[in-house]
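Q: Before we start, here is the structure in question, set down as structure tokens.
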Amino acid sequence: MPRKQVVTLTTDFGTSDHFVGVMKGVIININPDVELVDLCHNVNSYDVFDAAFTLAQSYRYFPSDTIHLVVIDPGVGTARRPILARTLEYKFVAPDNGVLSLIYEREETVEVRHITADHYFLNPVSSTFHARDIFSPVVGWLSKGVEVDKFGDPITDYVKFSSPKPKQVSENLIKGVTIKVDKFGNLITNITPQDVPQLFSDNPPPFKIVINSQEVTRLNLAYSMGKPSEIFAIVGSSGFLEICTNRGSAAKALNVTRGAEVGVMIESDAAGAPQG
């Protein structure tokens, strides 16, 4: 039996209004056999980077040929373009506002098309709900097997941004930022184990993580290993260094939000700095 075409939906619409349900109705009306998966509807409102991060952490866990529909669209109704991107294994439908930037970074081959074939749209097209009138019907027809080249021509000037990278300030200091505060108040940084390999050696040196003038000096393997009210670091499932606390919010405890600077300092002699 052929596998159903999978479509994921990522929006900042939440679930208290009709928006997500209507999107699903449009897609199912075109392709009743589609399998719809709610990836996330609680992306921070208007937050293109939050959506890009959410998608980047998720899209590869789906079967090949999955279509990912992403609508975080503060520019709806303006001249911003609807686009269709294709990698070797996946397709993405989204507004051209940079929300696919981390896909562009992670994938070796990406073809992006400007969606201009308006005969696939609902009519009339609302100036405030392109998720219903443009993106959802395009995804519906795409899931039915319409070839990507039917929707528009390739473009190369699509909007993209670079994700923030940690900076090696000195031999024993690397600086990064918090890129997400999750539902539990864990502070996800942009620092990976590859950026601070000393911490993951057989004999890790003393270190401190400085954030909002406070120091974190413990690295645990699991959240439950932390003592009550203790702030510690961990490598989370996304592969980034996180600052957290057991059954509590590190964000509240440290009074930190996204974008806060994070410094990882390795003891000088352990980092190989000159002695004297």
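Ordering of the structure tokens sets the chain letters (A, B, ...), residue numbers begin anew at 1 in every chain, and ligands are numbered from 1 in the order given.
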Assign secondary structure with DSSP using the backbone only, and return the residues of range 10-215 of chain A in alpha helix (DSSP H) as an MDAnalysis selection string.
A: chainID A and resid 19:30 48:56 101:106 130 136:143
Q: Those residues you just picked out, can you put them in a file as a compact mmCIF listing (two decimals), in the first residue's frame with C-alpha atoms?
A:
# COMPACT_ATOMS: atom_id res chain seq x y z
CA PHE A 19 -6.70 29.65 11.28
CA VAL A 20 -4.97 26.27 11.51
CA GLY A 21 -8.19 24.33 11.06
CA VAL A 22 -9.05 26.27 7.93
CA MET A 23 -5.59 25.62 6.46
CA LYS A 24 -6.11 21.91 7.01
CA GLY A 25 -9.55 22.08 5.44
CA VAL A 26 -8.17 23.68 2.28
CA ILE A 27 -5.44 21.05 1.94
CA ILE A 28 -7.75 18.10 2.62
CA ASN A 29 -10.36 19.44 0.20
CA ILE A 30 -7.73 19.21 -2.55
CA VAL A 48 10.98 34.45 11.79
CA PHE A 49 14.14 33.17 13.51
CA ASP A 50 12.15 31.17 16.08
CA ALA A 51 10.30 29.49 13.23
CA ALA A 52 13.53 28.87 11.31
CA PHE A 53 15.06 27.22 14.39
CA THR A 54 11.97 25.10 15.02
CA LEU A 55 11.94 23.86 11.44
CA ALA A 56 15.69 23.21 11.34
CA SER A 101 17.46 30.35 6.13
CA LEU A 102 18.63 27.47 8.32
CA ILE A 103 17.49 25.02 5.65
CA TYR A 104 19.64 26.89 3.14
CA GLU A 105 22.58 26.57 5.58
CA ARG A 106 22.15 22.87 6.26
CA HIS A 130 -2.29 33.98 2.49
CA SER A 136 -2.41 25.85 1.69
CA PRO A 137 -3.83 25.30 -1.81
CA VAL A 138 -0.31 25.18 -3.27
CA VAL A 139 0.60 22.52 -0.71
CA GLY A 140 -2.60 20.65 -1.49
CA TRP A 141 -1.83 20.47 -5.20
CA LEU A 142 1.84 19.75 -4.53
CA SER A 143 0.79 16.82 -2.33
Q: Need the shell around range 210-224 of chain A: protein/DNA/RNA residues with any atom at most 9 Å away, counting only C-alpha atoms. Skip same-chain ones fewer than 3 positions apart. Format as a list of chain:residue names?
A: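 Result of the neighbour search: A:Leu199, A:Pro206, A:Phe207, A:Lys227, A:Ile231, A:Phe232, A:Ala233, A:Ile234, A:Val235, A:Gly236, A:Ile243, A:Cys244, A:Thr245, A:Asn246, A:Arg247, A:Leu254, A:Asn255, A:Val256, A:Ala260, A:Glu261, A:Val262, A:Gly263, A:Val264, A:Met265.
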Q: Write out as a PyMOL selection string the residues lying within 12 Å of Asp65 in chain A, counting only C-alpha atoms and excluding same-chain residues fewer than 4 positions away.
A: chain A and resi 3-8+59-61+86-92+142-143+145
Q: Next, dump the selected residues to file, keeping only N, CA and C atoms, as a short mmCIF file (atom, residue, chain, number, x, y, z; two decimals), in the first residue's frame.
A:
data_model
loop_
_atom_site.label_atom_id
_atom_site.label_comp_id
_atom_site.auth_asym_id
_atom_site.auth_seq_id
_atom_site.Cartn_x
_atom_site.Cartn_y
_atom_site.Cartn_z
N ARG A 3 2.52 4.79 0.66
CA ARG A 3 2.53 5.63 1.84
C ARG A 3 1.83 6.95 1.54
N LYS A 4 1.07 7.45 2.50
CA LYS A 4 0.41 8.73 2.32
C LYS A 4 1.44 9.86 2.24
N GLN A 5 1.09 10.87 1.49
CA GLN A 5 1.93 12.07 1.42
C GLN A 5 1.84 12.82 2.74
N VAL A 6 2.98 13.07 3.36
CA VAL A 6 3.01 13.75 4.65
C VAL A 6 3.23 15.24 4.44
N VAL A 7 2.46 16.04 5.15
CA VAL A 7 2.60 17.49 5.15
C VAL A 7 2.68 17.96 6.60
N THR A 8 3.71 18.74 6.95
CA THR A 8 3.78 19.31 8.28
C THR A 8 3.38 20.78 8.23
N TYR A 59 12.85 19.01 10.59
CA TYR A 59 12.43 18.56 9.26
C TYR A 59 13.04 17.22 8.84
N ARG A 60 14.25 16.92 9.31
CA ARG A 60 14.93 15.69 8.86
C ARG A 60 14.37 14.43 9.52
N TYR A 61 13.52 14.58 10.50
CA TYR A 61 12.96 13.41 11.18
C TYR A 61 11.72 12.87 10.48
N ARG A 86 13.00 23.27 -2.78
CA ARG A 86 13.15 21.81 -2.87
C ARG A 86 14.60 21.44 -2.60
N THR A 87 14.80 20.49 -1.68
CA THR A 87 16.11 19.90 -1.44
C THR A 87 16.09 18.49 -2.04
N LEU A 88 17.13 17.73 -1.80
CA LEU A 88 17.16 16.38 -2.35
C LEU A 88 16.04 15.50 -1.80
N GLU A 89 15.60 15.78 -0.56
CA GLU A 89 14.60 14.91 0.06
C GLU A 89 13.29 15.58 0.44
N TYR A 90 13.27 16.91 0.54
CA TYR A 90 12.08 17.57 1.09
C TYR A 90 11.67 18.75 0.23
N LYS A 91 10.41 19.19 0.47
CA LYS A 91 9.89 20.40 -0.14
C LYS A 91 9.40 21.32 0.97
N PHE A 92 9.51 22.62 0.72
CA PHE A 92 9.13 23.62 1.71
C PHE A 92 8.31 24.71 1.01
N LEU A 142 0.51 20.36 -4.56
CA LEU A 142 1.84 19.75 -4.53
C LEU A 142 1.75 18.33 -3.97
N SER A 143 0.94 18.15 -2.93
CA SER A 143 0.79 16.82 -2.33
C SER A 143 0.04 15.85 -3.25
N GLY A 145 0.72 15.67 -6.37
CA GLY A 145 1.66 15.24 -7.39
C GLY A 145 1.96 16.25 -8.47
#
Q: Taking only C-alpha atoms into account, name the residue in A:Asn123, A:Glu242, A:Ala250, A:Pro154 that is nearest to Glu230 in chain A.
A: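 Looking at the shortest contact to Glu230 in chain A, the residue is A:Ala250.
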Q: Can you tell me which residues surround Ser126 in chain A at a distance of at most 12 Å, considering only C-alpha atoms, apart from same-chain residues fewer than 4 positions away, and format the answer as a ChimeraX atom specification?
A: /A:76-78,121-122,130-135
Q: Take CA of Lys165 in chain A and CA of Ile266 in chain A and report the distance between them in Å, one decimal.
A: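 CA of Ile266 in chain A lies at a distance of 18.7 Å from CA of Lys165 in chain A.
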Q: Go through A:Asp38, A:Asp73, A:Glu267, A:Glu111 and flag the residue nearest Ile155 in chain A, using only C-alpha atoms for the distances.
A: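 Closest candidate: A:Glu111.
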Q: What are the DSSP strand (DSSP E) residues of range 23-257 of chain A, as a ChimeraX atom specification?
A: /A:35-40,67-71,82-86,91-95,111-114,154-155,167-170,173-181,187-189,207-211,214-216,231-235,241-245
Q: Go ahead and save the picked residues with C-alpha atoms, as a CSV table (one decimal), in the first residue's frame.
A:
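The resulting file, again35.csv, is reproduced below:
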chain,number,residue,atom,x,y,z
A,35,GLU,CA,-1.5,13.0,6.2
A,36,LEU,CA,-1.2,16.3,8.1
A,37,VAL,CA,1.2,16.7,11.1
A,38,ASP,CA,1.1,19.7,13.4
A,39,LEU,CA,4.8,20.5,13.9
A,40,CYS,CA,4.3,23.6,16.0
A,67,ILE,CA,6.2,18.8,2.4
A,68,HIS,CA,6.9,21.3,5.1
A,69,LEU,CA,4.5,24.3,5.2
A,70,VAL,CA,5.8,27.2,7.2
A,71,VAL,CA,3.7,30.3,7.8
A,82,PRO,CA,5.5,33.1,-1.7
A,83,ILE,CA,8.2,30.5,-2.4
A,84,LEU,CA,8.6,26.8,-2.9
A,85,ALA,CA,12.0,25.3,-2.0
A,86,ARG,CA,13.1,21.8,-2.9
A,91,LYS,CA,9.9,20.4,-0.1
A,92,PHE,CA,9.1,23.6,1.7
A,93,VAL,CA,6.4,26.2,1.1
A,94,ALA,CA,6.8,29.5,2.9
A,95,PRO,CA,6.9,33.3,2.6
A,111,GLU,CA,16.2,25.0,-5.5
A,112,VAL,CA,13.9,27.9,-4.7
A,113,ARG,CA,11.0,29.0,-6.9
A,114,HIS,CA,8.8,32.1,-6.8
A,154,PRO,CA,13.5,29.5,-10.1
A,155,ILE,CA,15.0,32.5,-8.3
A,167,LYS,CA,33.1,33.8,18.6
A,168,GLN,CA,36.5,32.7,19.8
A,169,VAL,CA,37.6,35.7,21.8
A,170,SER,CA,40.8,34.2,23.2
A,173,LEU,CA,37.2,32.2,26.1
A,174,ILE,CA,34.4,31.7,23.6
A,175,LYS,CA,31.3,33.9,23.4
A,176,GLY,CA,27.9,33.0,22.1
A,177,VAL,CA,24.3,34.0,22.6
A,178,THR,CA,21.0,32.4,23.7
A,179,ILE,CA,19.0,31.6,20.6
A,180,LYS,CA,15.9,30.2,22.2
A,181,VAL,CA,14.1,30.0,25.5
A,187,LEU,CA,18.3,28.7,27.7
A,188,ILE,CA,19.5,27.2,24.4
A,189,THR,CA,22.7,28.8,23.3
A,207,PHE,CA,35.3,26.1,33.6
A,208,LYS,CA,32.7,28.7,34.1
A,209,ILE,CA,29.8,29.9,31.9
A,210,VAL,CA,29.0,33.5,32.5
A,211,ILE,CA,25.6,34.8,31.7
A,214,GLN,CA,26.2,35.0,36.9
A,215,GLU,CA,28.5,32.0,36.8
A,216,VAL,CA,27.6,28.4,36.0
A,231,ILE,CA,21.8,26.2,37.6
A,232,PHE,CA,23.8,24.0,35.4
A,233,ALA,CA,24.7,23.3,31.7
A,234,ILE,CA,23.7,20.4,29.6
A,235,VAL,CA,24.0,19.4,25.9
A,241,LEU,CA,24.8,23.8,25.1
A,242,GLU,CA,21.8,24.7,27.3
A,243,ILE,CA,21.7,26.4,30.7
A,244,CYS,CA,18.9,25.0,32.8
A,245,THR,CA,17.7,23.9,36.3
